[in-house]
file target21.cif (mmCIF, C-alpha atoms; chains and numbers go by the auth columns)
data_data
loop_
_atom_site.group_PDB
_atom_site.id
_atom_site.type_symbol
_atom_site.label_atom_id
_atom_site.label_comp_id
_atom_site.label_asym_id
_atom_site.label_seq_id
_atom_site.Cartn_x
_atom_site.Cartn_y
_atom_site.Cartn_z
_atom_site.B_iso_or_equiv
_atom_site.auth_seq_id
_atom_site.auth_asym_id
ATOM 1 C CA MET A 1 -1.644 22.366 10.499 0.00 1 W
ATOM 2 C CA ALA A 2 -2.566 22.458 14.229 0.00 2 W
ATOM 3 C CA ASN A 3 -4.078 25.929 14.381 0.00 3 W
ATOM 4 C CA GLU A 4 -5.187 27.805 17.493 0.00 4 W
ATOM 5 C CA PRO A 5 -8.299 26.588 19.319 0.00 5 W
ATOM 6 C CA GLY A 6 -11.234 28.980 19.328 0.00 6 W
ATOM 7 C CA THR A 7 -14.012 27.506 21.489 0.00 7 W
ATOM 8 C CA PRO A 8 -14.060 25.953 24.994 0.00 8 W
ATOM 9 C CA VAL A 9 -14.313 22.497 23.400 0.00 9 W
ATOM 10 C CA GLU A 10 -11.335 23.193 21.155 0.00 10 W
ATOM 11 C CA TYR A 11 -9.286 24.571 24.072 0.00 11 W
ATOM 12 C CA TYR A 12 -9.919 21.386 26.024 0.00 12 W
ATOM 13 C CA ILE A 13 -9.081 19.147 23.056 0.00 13 W
ATOM 14 C CA ASP A 14 -5.944 21.167 22.373 0.00 14 W
ATOM 15 C CA ARG A 15 -4.775 20.703 25.981 0.00 15 W
ATOM 16 C CA ARG A 16 -5.348 16.954 25.841 0.00 16 W
ATOM 17 C CA GLU A 17 -3.474 16.667 22.542 0.00 17 W
ATOM 18 C CA LYS A 18 -0.513 18.585 23.957 0.00 18 W
ATOM 19 C CA GLU A 19 -0.400 16.461 27.095 0.00 19 W
ATOM 20 C CA LEU A 20 -0.116 13.349 24.917 0.00 20 W
ATOM 21 C CA ILE A 21 2.573 14.858 22.692 0.00 21 W
ATOM 22 C CA GLN A 22 4.508 16.055 25.755 0.00 22 W
ATOM 23 C CA ASN A 23 4.402 12.568 27.312 0.00 23 W
ATOM 24 C CA LEU A 24 5.535 10.916 24.080 0.00 24 W
ATOM 25 C CA LEU A 25 8.378 13.330 23.325 0.00 25 W
ATOM 26 C CA LYS A 26 9.609 14.656 26.668 0.00 26 W
ATOM 27 C CA PRO A 27 11.467 17.574 25.025 0.00 27 W
ATOM 28 C CA VAL A 28 14.669 18.722 26.688 0.00 28 W
ATOM 29 C CA ASP A 29 15.701 22.338 27.148 0.00 29 W
ATOM 30 C CA GLY A 30 17.913 23.480 24.268 0.00 30 W
ATOM 31 C CA GLU A 31 16.871 20.835 21.755 0.00 31 W
ATOM 32 C CA ARG A 32 16.387 21.980 18.181 0.00 32 W
ATOM 33 C CA LEU A 33 12.871 21.210 16.933 0.00 33 W
ATOM 34 C CA LEU A 34 11.199 21.366 13.534 0.00 34 W
ATOM 35 C CA ASN A 35 7.395 21.596 13.348 0.00 35 W
ATOM 36 C CA VAL A 36 6.342 20.411 9.880 0.00 36 W
ATOM 37 C CA GLY A 37 3.064 22.014 8.819 0.00 37 W
ATOM 38 C CA CYS A 38 3.230 24.499 11.684 0.00 38 W
ATOM 39 C CA GLY A 39 0.068 26.391 10.716 0.00 39 W
ATOM 40 C CA THR A 40 -0.351 29.569 12.756 0.00 40 W
ATOM 41 C CA GLY A 41 2.292 28.545 15.307 0.00 41 W
ATOM 42 C CA ASN A 42 0.234 26.876 18.041 0.00 42 W
ATOM 43 C CA TYR A 43 2.712 24.034 18.593 0.00 43 W
ATOM 44 C CA LEU A 44 5.725 26.214 17.888 0.00 44 W
ATOM 45 C CA ARG A 45 4.767 28.310 20.896 0.00 45 W
ATOM 46 C CA PHE A 46 4.101 25.169 22.959 0.00 46 W
ATOM 47 C CA PHE A 47 7.551 23.725 22.244 0.00 47 W
ATOM 48 C CA ARG A 48 9.230 27.131 22.630 0.00 48 W
ATOM 49 C CA GLU A 49 7.764 27.396 26.141 0.00 49 W
ATOM 50 C CA ARG A 50 9.426 24.048 26.919 0.00 50 W
ATOM 51 C CA GLY A 51 12.857 25.367 26.054 0.00 51 W
ATOM 52 C CA CYS A 52 13.237 24.152 22.485 0.00 52 W
ATOM 53 C CA SER A 53 14.782 26.188 19.694 0.00 53 W
ATOM 54 C CA VAL A 54 11.964 26.057 17.139 0.00 54 W
ATOM 55 C CA THR A 55 11.675 26.112 13.359 0.00 55 W
ATOM 56 C CA GLY A 56 8.416 25.860 11.441 0.00 56 W
ATOM 57 C CA THR A 57 7.417 25.142 7.864 0.00 57 W
ATOM 58 C CA SER A 58 4.091 25.432 6.087 0.00 58 W
ATOM 59 C CA PRO A 59 2.992 25.281 2.451 0.00 59 W
ATOM 60 C CA SER A 60 0.959 28.447 3.159 0.00 60 W
ATOM 61 C CA GLN A 61 2.698 31.803 3.366 0.00 61 W
ATOM 62 C CA HIS A 62 -0.470 33.210 4.922 0.00 62 W
ATOM 63 C CA MET A 63 -0.174 30.744 7.816 0.00 63 W
ATOM 64 C CA LEU A 64 3.497 31.609 8.248 0.00 64 W
ATOM 65 C CA ASP A 65 2.652 35.310 8.393 0.00 65 W
ATOM 66 C CA MET A 66 0.175 34.590 11.196 0.00 66 W
ATOM 67 C CA ALA A 67 2.771 32.510 13.024 0.00 67 W
ATOM 68 C CA ARG A 68 5.279 35.357 12.681 0.00 68 W
ATOM 69 C CA GLU A 69 2.808 37.789 14.236 0.00 69 W
ATOM 70 C CA LYS A 70 2.436 35.429 17.185 0.00 70 W
ATOM 71 C CA LEU A 71 6.068 34.442 17.712 0.00 71 W
ATOM 72 C CA GLY A 72 8.086 37.360 16.355 0.00 72 W
ATOM 73 C CA GLN A 73 11.750 36.401 16.134 0.00 73 W
ATOM 74 C CA ARG A 74 11.414 33.493 18.594 0.00 74 W
ATOM 75 C CA ALA A 75 11.002 31.015 15.727 0.00 75 W
ATOM 76 C CA ASP A 76 12.614 30.426 12.340 0.00 76 W
ATOM 77 C CA LEU A 77 9.892 30.142 9.697 0.00 77 W
ATOM 78 C CA CYS A 78 10.104 29.126 6.065 0.00 78 W
ATOM 79 C CA GLN A 79 7.730 28.029 3.341 0.00 79 W
ATOM 80 C CA GLY A 80 7.931 24.395 2.269 0.00 80 W
ATOM 81 C CA SER A 81 5.813 21.341 1.561 0.00 81 W
ATOM 82 C CA TYR A 82 5.449 18.325 3.811 0.00 82 W
ATOM 83 C CA GLU A 83 7.101 16.142 1.195 0.00 83 W
ATOM 84 C CA ASP A 84 10.133 18.322 0.356 0.00 84 W
ATOM 85 C CA LEU A 85 11.617 19.968 3.438 0.00 85 W
ATOM 86 C CA PRO A 86 14.152 22.741 2.767 0.00 86 W
ATOM 87 C CA PHE A 87 16.724 21.482 5.295 0.00 87 W
ATOM 88 C CA SER A 88 19.896 19.421 5.368 0.00 88 W
ATOM 89 C CA ASP A 89 20.071 15.864 6.680 0.00 89 W
ATOM 90 C CA ASN A 90 20.234 15.426 10.469 0.00 90 W
ATOM 91 C CA GLU A 91 19.501 19.081 11.283 0.00 91 W
ATOM 92 C CA PHE A 92 17.002 18.632 14.124 0.00 92 W
ATOM 93 C CA ASP A 93 16.869 16.805 17.447 0.00 93 W
ATOM 94 C CA ILE A 94 13.076 16.553 17.196 0.00 94 W
ATOM 95 C CA VAL A 95 10.745 16.674 14.202 0.00 95 W
ATOM 96 C CA ALA A 96 7.016 17.033 14.894 0.00 96 W
ATOM 97 C CA MET A 97 4.044 16.918 12.530 0.00 97 W
ATOM 98 C CA ILE A 98 0.687 17.548 14.208 0.00 98 W
ATOM 99 C CA LEU A 99 -2.608 17.300 12.303 0.00 99 W
ATOM 100 C CA PRO A 100 -1.132 17.388 8.800 0.00 100 W
ATOM 101 C CA HIS A 101 -3.416 18.567 6.012 0.00 101 W
ATOM 102 C CA SER A 102 -5.506 15.892 4.284 0.00 102 W
ATOM 103 C CA GLY A 103 -3.605 16.549 1.041 0.00 103 W
ATOM 104 C CA CYS A 104 -0.315 15.462 2.636 0.00 104 W
ATOM 105 C CA ASN A 105 1.382 12.347 1.231 0.00 105 W
ATOM 106 C CA ILE A 106 2.095 10.801 4.624 0.00 106 W
ATOM 107 C CA ARG A 107 4.652 8.256 3.375 0.00 107 W
ATOM 108 C CA LYS A 108 6.768 10.892 1.626 0.00 108 W
ATOM 109 C CA ALA A 109 6.373 13.280 4.548 0.00 109 W
ATOM 110 C CA ILE A 110 7.630 10.722 7.081 0.00 110 W
ATOM 111 C CA ASN A 111 10.615 9.886 4.885 0.00 111 W
ATOM 112 C CA GLU A 112 11.484 13.587 4.740 0.00 112 W
ATOM 113 C CA MET A 113 11.076 13.935 8.503 0.00 113 W
ATOM 114 C CA ILE A 114 13.442 10.995 9.011 0.00 114 W
ATOM 115 C CA ARG A 115 15.968 12.556 6.639 0.00 115 W
ATOM 116 C CA VAL A 116 16.219 15.838 8.540 0.00 116 W
ATOM 117 C CA CYS A 117 16.071 14.289 12.041 0.00 117 W
ATOM 118 C CA ARG A 118 18.932 13.105 14.241 0.00 118 W
ATOM 119 C CA GLY A 119 16.894 12.200 17.319 0.00 119 W
ATOM 120 C CA ARG A 120 13.181 11.434 17.465 0.00 120 W
ATOM 121 C CA ILE A 121 9.956 12.100 15.606 0.00 121 W
ATOM 122 C CA VAL A 122 6.342 12.556 16.687 0.00 122 W
ATOM 123 C CA VAL A 123 3.263 12.456 14.479 0.00 123 W
ATOM 124 C CA GLY A 124 -0.223 13.441 15.634 0.00 124 W
ATOM 125 C CA THR A 125 -3.259 12.846 13.464 0.00 125 W
ATOM 126 C CA VAL A 126 -6.983 12.072 13.484 0.00 126 W
ATOM 127 C CA ASN A 127 -7.955 8.466 14.214 0.00 127 W
ATOM 128 C CA ARG A 128 -10.162 6.874 11.563 0.00 128 W
ATOM 129 C CA TYR A 129 -11.254 4.219 14.047 0.00 129 W
ATOM 130 C CA SER A 130 -11.985 6.212 17.167 0.00 130 W
ATOM 131 C CA ALA A 131 -14.615 4.924 19.601 0.00 131 W
ATOM 132 C CA SER A 132 -17.116 7.603 18.630 0.00 132 W
ATOM 133 C CA SER A 133 -16.797 6.644 14.948 0.00 133 W
ATOM 134 C CA LEU A 134 -16.965 2.891 15.590 0.00 134 W
ATOM 135 C CA TYR A 135 -20.155 3.129 17.612 0.00 135 W
ATOM 136 C CA GLY A 136 -21.823 5.583 15.282 0.00 136 W
ATOM 137 C CA ALA A 137 -22.123 8.262 17.950 0.00 137 W
ATOM 138 C CA GLY A 138 -20.838 10.963 15.660 0.00 138 W
ATOM 139 C CA THR A 139 -17.682 12.867 16.394 0.00 139 W
ATOM 140 C CA GLY A 140 -19.131 16.345 16.566 0.00 140 W
ATOM 141 C CA THR A 141 -15.888 17.256 14.804 0.00 141 W
ATOM 142 C CA SER A 142 -14.299 20.472 15.986 0.00 142 W
ATOM 143 C CA ASN A 143 -12.708 22.956 13.623 0.00 143 W
ATOM 144 C CA ARG A 144 -9.301 21.710 14.777 0.00 144 W
ATOM 145 C CA TYR A 145 -9.863 18.424 12.964 0.00 145 W
ATOM 146 C CA GLU A 146 -11.466 19.698 9.792 0.00 146 W
ATOM 147 C CA ALA A 147 -9.325 19.147 6.669 0.00 147 W
ATOM 148 C CA SER A 148 -6.778 17.152 8.710 0.00 148 W
ATOM 149 C CA LEU A 149 -5.303 13.868 7.550 0.00 149 W
ATOM 150 C CA VAL A 150 -7.398 10.934 8.820 0.00 150 W
ATOM 151 C CA SER A 151 -5.483 7.726 9.423 0.00 151 W
ATOM 152 C CA SER A 152 -5.375 4.682 11.697 0.00 152 W
ATOM 153 C CA ILE A 153 -2.872 3.380 14.209 0.00 153 W
ATOM 154 C CA PRO A 154 -2.091 0.192 12.206 0.00 154 W
ATOM 155 C CA GLY A 155 -1.773 2.261 9.034 0.00 155 W
ATOM 156 C CA MET A 156 0.571 4.779 10.630 0.00 156 W
ATOM 157 C CA ILE A 157 2.715 2.056 12.208 0.00 157 W
ATOM 158 C CA LYS A 158 2.964 0.287 8.835 0.00 158 W
ATOM 159 C CA THR A 159 4.031 3.536 7.157 0.00 159 W
ATOM 160 C CA ILE A 160 6.671 4.271 9.792 0.00 160 W
ATOM 161 C CA ARG A 161 8.051 0.727 9.674 0.00 161 W
ATOM 162 C CA SER A 162 8.285 0.881 5.882 0.00 162 W
ATOM 163 C CA ALA A 163 10.912 3.581 6.419 0.00 163 W
ATOM 164 C CA LEU A 164 12.446 2.402 9.730 0.00 164 W
ATOM 165 C CA SER A 165 11.767 -1.291 10.003 0.00 165 W
ATOM 166 C CA ASP A 166 13.328 -1.898 13.412 0.00 166 W
ATOM 167 C CA THR A 167 12.456 1.294 15.262 0.00 167 W
ATOM 168 C CA SER A 168 10.456 1.196 18.489 0.00 168 W
ATOM 169 C CA ILE A 169 7.164 3.096 18.330 0.00 169 W
ATOM 170 C CA GLN A 170 5.344 4.546 21.324 0.00 170 W
ATOM 171 C CA TRP A 171 1.754 5.538 20.759 0.00 171 W
ATOM 172 C CA GLY A 172 -1.425 6.579 22.490 0.00 172 W
ATOM 173 C CA SER A 173 -4.656 8.461 21.929 0.00 173 W
ATOM 174 C CA VAL A 174 -6.954 10.995 23.587 0.00 174 W
ATOM 175 C CA ILE A 175 -10.502 12.360 23.126 0.00 175 W
ATOM 176 C CA PHE A 176 -12.482 9.170 23.666 0.00 176 W
ATOM 177 C CA PHE A 177 -16.027 10.541 23.436 0.00 177 W
ATOM 178 C CA PRO A 178 -18.014 12.557 20.884 0.00 178 W
ATOM 179 C CA GLN A 179 -16.520 16.021 20.864 0.00 179 W
ATOM 180 C CA ARG A 180 -19.838 17.772 21.506 0.00 180 W
ATOM 181 C CA TRP A 181 -19.769 16.196 24.999 0.00 181 W
ATOM 182 C CA TYR A 182 -16.678 18.176 26.012 0.00 182 W
ATOM 183 C CA PRO A 183 -15.640 19.718 28.320 0.00 183 W
ATOM 184 C CA ALA A 184 -18.524 18.373 30.456 0.00 184 W
ATOM 185 C CA ILE A 185 -17.243 14.791 30.121 0.00 185 W
ATOM 186 C CA SER A 186 -13.640 15.701 31.008 0.00 186 W
ATOM 187 C CA PHE A 187 -13.729 13.814 34.342 0.00 187 W
ATOM 188 C CA LEU A 188 -14.208 10.528 32.429 0.00 188 W
ATOM 189 C CA GLU A 189 -11.757 11.477 29.696 0.00 189 W
ATOM 190 C CA GLU A 190 -9.004 12.060 32.229 0.00 190 W
ATOM 191 C CA ARG A 191 -9.609 8.725 33.974 0.00 191 W
ATOM 192 C CA THR A 192 -9.205 6.771 30.740 0.00 192 W
ATOM 193 C CA PRO A 193 -5.779 5.188 30.060 0.00 193 W
ATOM 194 C CA VAL A 194 -4.014 6.935 27.186 0.00 194 W
ATOM 195 C CA MET A 195 -0.974 4.878 26.170 0.00 195 W
ATOM 196 C CA LYS A 196 -1.667 2.071 23.674 0.00 196 W
ATOM 197 C CA ASN A 197 -5.350 2.915 23.760 0.00 197 W
ATOM 198 C CA PRO A 198 -6.611 2.771 20.140 0.00 198 W
ATOM 199 C CA PHE A 199 -10.006 4.432 20.672 0.00 199 W
ATOM 200 C CA GLY A 200 -9.277 8.173 20.970 0.00 200 W
ATOM 201 C CA SER A 201 -10.051 10.623 18.166 0.00 201 W
ATOM 202 C CA PHE A 202 -6.497 12.035 18.228 0.00 202 W
ATOM 203 C CA ILE A 203 -3.558 9.638 17.981 0.00 203 W
ATOM 204 C CA GLY A 204 0.099 10.367 18.655 0.00 204 W
ATOM 205 C CA LEU A 205 3.057 8.196 17.645 0.00 205 W
ATOM 206 C CA ALA A 206 6.704 8.806 18.546 0.00 206 W
ATOM 207 C CA PHE A 207 9.825 6.936 17.473 0.00 207 W
ATOM 208 C CA PRO A 208 13.606 7.392 17.480 0.00 208 W
ATOM 209 C CA VAL A 209 15.579 7.725 14.277 0.00 209 W
ATOM 210 C CA THR A 210 18.117 4.895 13.995 0.00 210 W
ATOM 211 C CA TYR A 211 21.008 4.346 11.587 0.00 211 W
ATOM 212 C CA THR A 212 21.910 1.128 9.793 0.00 212 W
ATOM 213 C CA HIS A 213 23.445 2.014 6.451 0.00 213 W
ATOM 214 C CA ILE A 214 25.533 4.890 5.194 0.00 214 W
ATOM 215 C CA THR A 215 24.314 7.700 2.970 0.00 215 W
ATOM 216 C CA ILE A 216 26.337 10.801 2.142 0.00 216 W
ATOM 217 C CA GLN A 217 25.033 14.274 2.965 0.00 217 W
ATOM 218 C CA ASP A 218 27.978 16.244 1.618 0.00 218 W
ATOM 219 C CA PRO A 219 29.602 15.039 -1.635 0.00 219 W
ATOM 220 C CA LEU A 220 32.919 16.504 -0.473 0.00 220 W
ATOM 221 C CA GLY A 221 32.592 15.205 3.064 0.00 221 W
ATOM 222 C CA LYS A 222 34.364 12.253 4.531 0.00 222 W
ATOM 223 C CA ILE A 223 32.891 9.601 6.757 0.00 223 W
ATOM 224 C CA SER A 224 33.180 10.928 10.275 0.00 224 W
ATOM 225 C CA LYS A 225 33.072 9.069 13.554 0.00 225 W
ATOM 226 C CA ALA A 226 32.779 12.258 15.566 0.00 226 W
ATOM 227 C CA LYS A 227 29.536 12.577 17.500 0.00 227 W
ATOM 228 C CA PRO A 228 28.193 15.490 19.551 0.00 228 W
ATOM 229 C CA ALA A 229 26.720 15.123 23.016 0.00 229 W
ATOM 230 C CA GLY A 230 23.769 12.735 22.946 0.00 230 W
ATOM 231 C CA GLY A 231 25.418 10.352 20.491 0.00 231 W
ATOM 232 C CA TYR A 232 24.063 11.884 17.291 0.00 232 W
ATOM 233 C CA PRO A 233 26.243 12.276 14.161 0.00 233 W
ATOM 234 C CA GLU A 234 27.622 15.690 13.306 0.00 234 W
ATOM 235 C CA PRO A 235 25.637 17.501 10.590 0.00 235 W
ATOM 236 C CA GLY A 236 27.427 17.058 7.257 0.00 236 W
ATOM 237 C CA ALA A 237 28.854 13.653 8.203 0.00 237 W
ATOM 238 C CA ALA A 238 27.923 10.374 6.556 0.00 238 W
ATOM 239 C CA ARG A 239 25.476 8.552 8.768 0.00 239 W
ATOM 240 C CA ARG A 240 23.648 5.264 9.078 0.00 240 W
ATOM 241 C CA ARG A 241 19.912 5.122 8.545 0.00 241 W
ATOM 242 C CA THR A 242 17.319 2.386 8.362 0.00 242 W
ATOM 243 C CA GLY A 243 15.068 2.053 5.343 0.00 243 W
ATOM 244 C CA ARG A 244 16.521 4.859 3.257 0.00 244 W
#

call {"tool": "encode", "arguments": {"input": "target21.cif", "output": "structure tokens"}}
result
Amino acid sequence: MANEPGTPVEYYIDRREKELIQNLLKPVDGERLLNVGCGTGNYLRFFRERGCSVTGTSPSQHMLDMAREKLGQRADLCQGSYEDLPFSDNEFDIVAMILPHSGCNIRKAINEMIRVCRGRIVVGTVNRYSASSLYGAGTGTSNRYEASLVSSIPGMIKTIRSALSDTSIQWGSVIFFPQRWYPAISFLEERTPVMKNPFGSFIGLAFPVTYTHITIQDPLGKISKAKPAGGYPEPGAARRRTGR
């Protein structure tokens, strides 16, 4: 989902979210990236500015039309659900899903993201157990978080490990105070450790896609040992994957 911010609070929250995602992913110029649930193209533009070749999907054609107005021909856009991505196996170096809609089946979506990825995945969502929720302070929820999937760090880690049992997961969170306090409280926000901090309202998790057993992408293809730069299998080749 991850639509454009509209207020000073939302602009600040958006910047903090992107800083976390940037630190988790460290995108490299020229990498091919898929943004699942791209909304109006906020993160597509962010990743495009960092040198990625970007593709976006959304269940909503209206959202895609808005993204097209923003990005023109600088992004490939197509309609598709979170749980059934219209792409071949191993197509993308990076797959990102930021603030998926609350109707998303997160388990199926992560399995689909793993299927189409040959590098690493990042998921950003709303933290059910943020500090402001735990202490009853009220989140003052911004429009950016409305209708977004609400999860927890243990729940997300369990879901990821159900698909990739031995993958390493990096995670962190931002937005540690009730949102109505921002941006006035930014000096404290930016002094708070981010990585492996479970108390922020927005959580980000990143993990590499690993391969442990063979599945066939092309019925006519043969098992190939050829790998492109970076050590990833060639698209169309049989590849090894954990938990599939």

call {"tool": "resolve_selection", "arguments": {"input": "target21.cif", "expression": "the PyMOL selection byres ((chain W and resi 153-158) around 12)", "output": "MDAnalysis selection string"}}
result
chainID W and resid 106:107 109:110 122:130 149:152 159:173 196:207

call {"tool": "residues_around", "arguments": {"input": "target21.cif", "residues": "Gly37 of chain W", "least_positions_apart": "3", "cutoff": "8 Å", "atoms": "all atoms listed in the file", "output": "list of chain:residue names"}}
result
W:Met1, W:Ala2, W:Gly56, W:Thr57, W:Ser58, W:Pro59, W:Ser81, W:Tyr82, W:Met97, W:Ile98, W:Pro100, W:His101

call {"tool": "resolve_selection", "arguments": {"input": "target21.cif", "expression": "the PyMOL selection byres ((chain W and resi 183) around 10)", "output": "ChimeraX atom specification"}}
result
/W:8-13,179-182,184-187,189

call {"tool": "resolve_selection", "arguments": {"input": "target21.cif", "expression": "the PyMOL selection byres ((chain W and resi 147) around 6)", "output": "mmCIF file with C-alpha atoms, in the frame of the given file"}}
result
data_model
loop_
_atom_site.group_PDB
_atom_site.id
_atom_site.type_symbol
_atom_site.label_atom_id
_atom_site.label_comp_id
_atom_site.auth_asym_id
_atom_site.auth_seq_id
_atom_site.Cartn_x
_atom_site.Cartn_y
_atom_site.Cartn_z
ATOM 1 C CA HIS W 101 -3.416 18.567 6.012
ATOM 2 C CA SER W 102 -5.506 15.892 4.284
ATOM 3 C CA GLU W 146 -11.466 19.698 9.792
ATOM 4 C CA SER W 148 -6.778 17.152 8.710
#

call {"tool": "atom_distance", "arguments": {"input": "target21.cif", "atom1": "atom CA of Asn105 of chain W", "atom2": "atom CA of Asp65 of chain W"}}
result
24.1 Å

call {"tool": "atom_distance", "arguments": {"input": "target21.cif", "atom1": "atom CA of Cys52 of chain W", "atom2": "atom CA of Val28 of chain W"}}
result
7.0 Å

call {"tool": "build_atoms", "arguments": {"input": "target21.cif", "residues": "segment 20-43 of chain W", "atoms": "N, CA and C atoms", "output": "compact mmCIF listing (two decimals), in the coordinates of the input"}}
result
# COMPACT_ATOMS: atom_id res chain seq x y z
N LEU W 20 -0.57 14.59 25.53
CA LEU W 20 -0.12 13.35 24.92
C LEU W 20 1.21 13.54 24.21
N ILE W 21 1.33 14.60 23.42
CA ILE W 21 2.57 14.86 22.69
C ILE W 21 3.73 15.08 23.66
N GLN W 22 3.48 15.82 24.73
CA GLN W 22 4.51 16.06 25.76
C GLN W 22 4.97 14.73 26.36
N ASN W 23 4.05 13.85 26.70
CA ASN W 23 4.40 12.57 27.31
C ASN W 23 5.16 11.66 26.35
N LEU W 24 4.84 11.73 25.06
CA LEU W 24 5.54 10.92 24.08
C LEU W 24 6.94 11.42 23.79
N LEU W 25 7.11 12.74 23.75
CA LEU W 25 8.38 13.33 23.32
C LEU W 25 9.33 13.64 24.46
N LYS W 26 8.78 14.18 25.56
CA LYS W 26 9.61 14.66 26.67
C LYS W 26 10.75 15.56 26.16
N PRO W 27 10.42 16.70 25.56
CA PRO W 27 11.47 17.57 25.02
C PRO W 27 12.38 18.10 26.11
N VAL W 28 13.64 18.28 25.76
CA VAL W 28 14.67 18.72 26.69
C VAL W 28 15.07 20.15 26.33
N ASP W 29 15.30 20.95 27.35
CA ASP W 29 15.70 22.34 27.15
C ASP W 29 16.91 22.42 26.22
N GLY W 30 16.81 23.27 25.20
CA GLY W 30 17.91 23.48 24.27
C GLY W 30 17.86 22.63 23.03
N GLU W 31 16.95 21.66 22.96
CA GLU W 31 16.87 20.84 21.76
C GLU W 31 16.34 21.66 20.58
N ARG W 32 16.82 21.30 19.39
CA ARG W 32 16.39 21.98 18.18
C ARG W 32 15.23 21.21 17.57
N LEU W 33 14.10 21.87 17.36
CA LEU W 33 12.87 21.21 16.93
C LEU W 33 12.32 21.82 15.66
N LEU W 34 11.90 20.96 14.75
CA LEU W 34 11.20 21.37 13.53
C LEU W 34 9.75 20.94 13.62
N ASN W 35 8.83 21.89 13.42
CA ASN W 35 7.40 21.60 13.35
C ASN W 35 6.98 21.67 11.88
N VAL W 36 6.73 20.50 11.28
CA VAL W 36 6.34 20.41 9.88
C VAL W 36 4.84 20.68 9.78
N GLY W 37 4.47 21.62 8.90
CA GLY W 37 3.06 22.01 8.82
C GLY W 37 2.65 22.78 10.06
N CYS W 38 3.39 23.81 10.39
CA CYS W 38 3.23 24.50 11.68
C CYS W 38 1.98 25.36 11.78
N GLY W 39 1.28 25.57 10.67
CA GLY W 39 0.07 26.39 10.72
C GLY W 39 0.34 27.78 11.25
N THR W 40 -0.49 28.22 12.20
CA THR W 40 -0.35 29.57 12.76
C THR W 40 0.59 29.63 13.96
N GLY W 41 1.26 28.52 14.26
CA GLY W 41 2.29 28.54 15.31
C GLY W 41 1.87 28.04 16.67
N ASN W 42 0.72 27.37 16.76
CA ASN W 42 0.23 26.88 18.04
C ASN W 42 1.26 25.97 18.72
N TYR W 43 1.74 24.96 18.00
CA TYR W 43 2.71 24.03 18.59
C TYR W 43 4.11 24.62 18.65
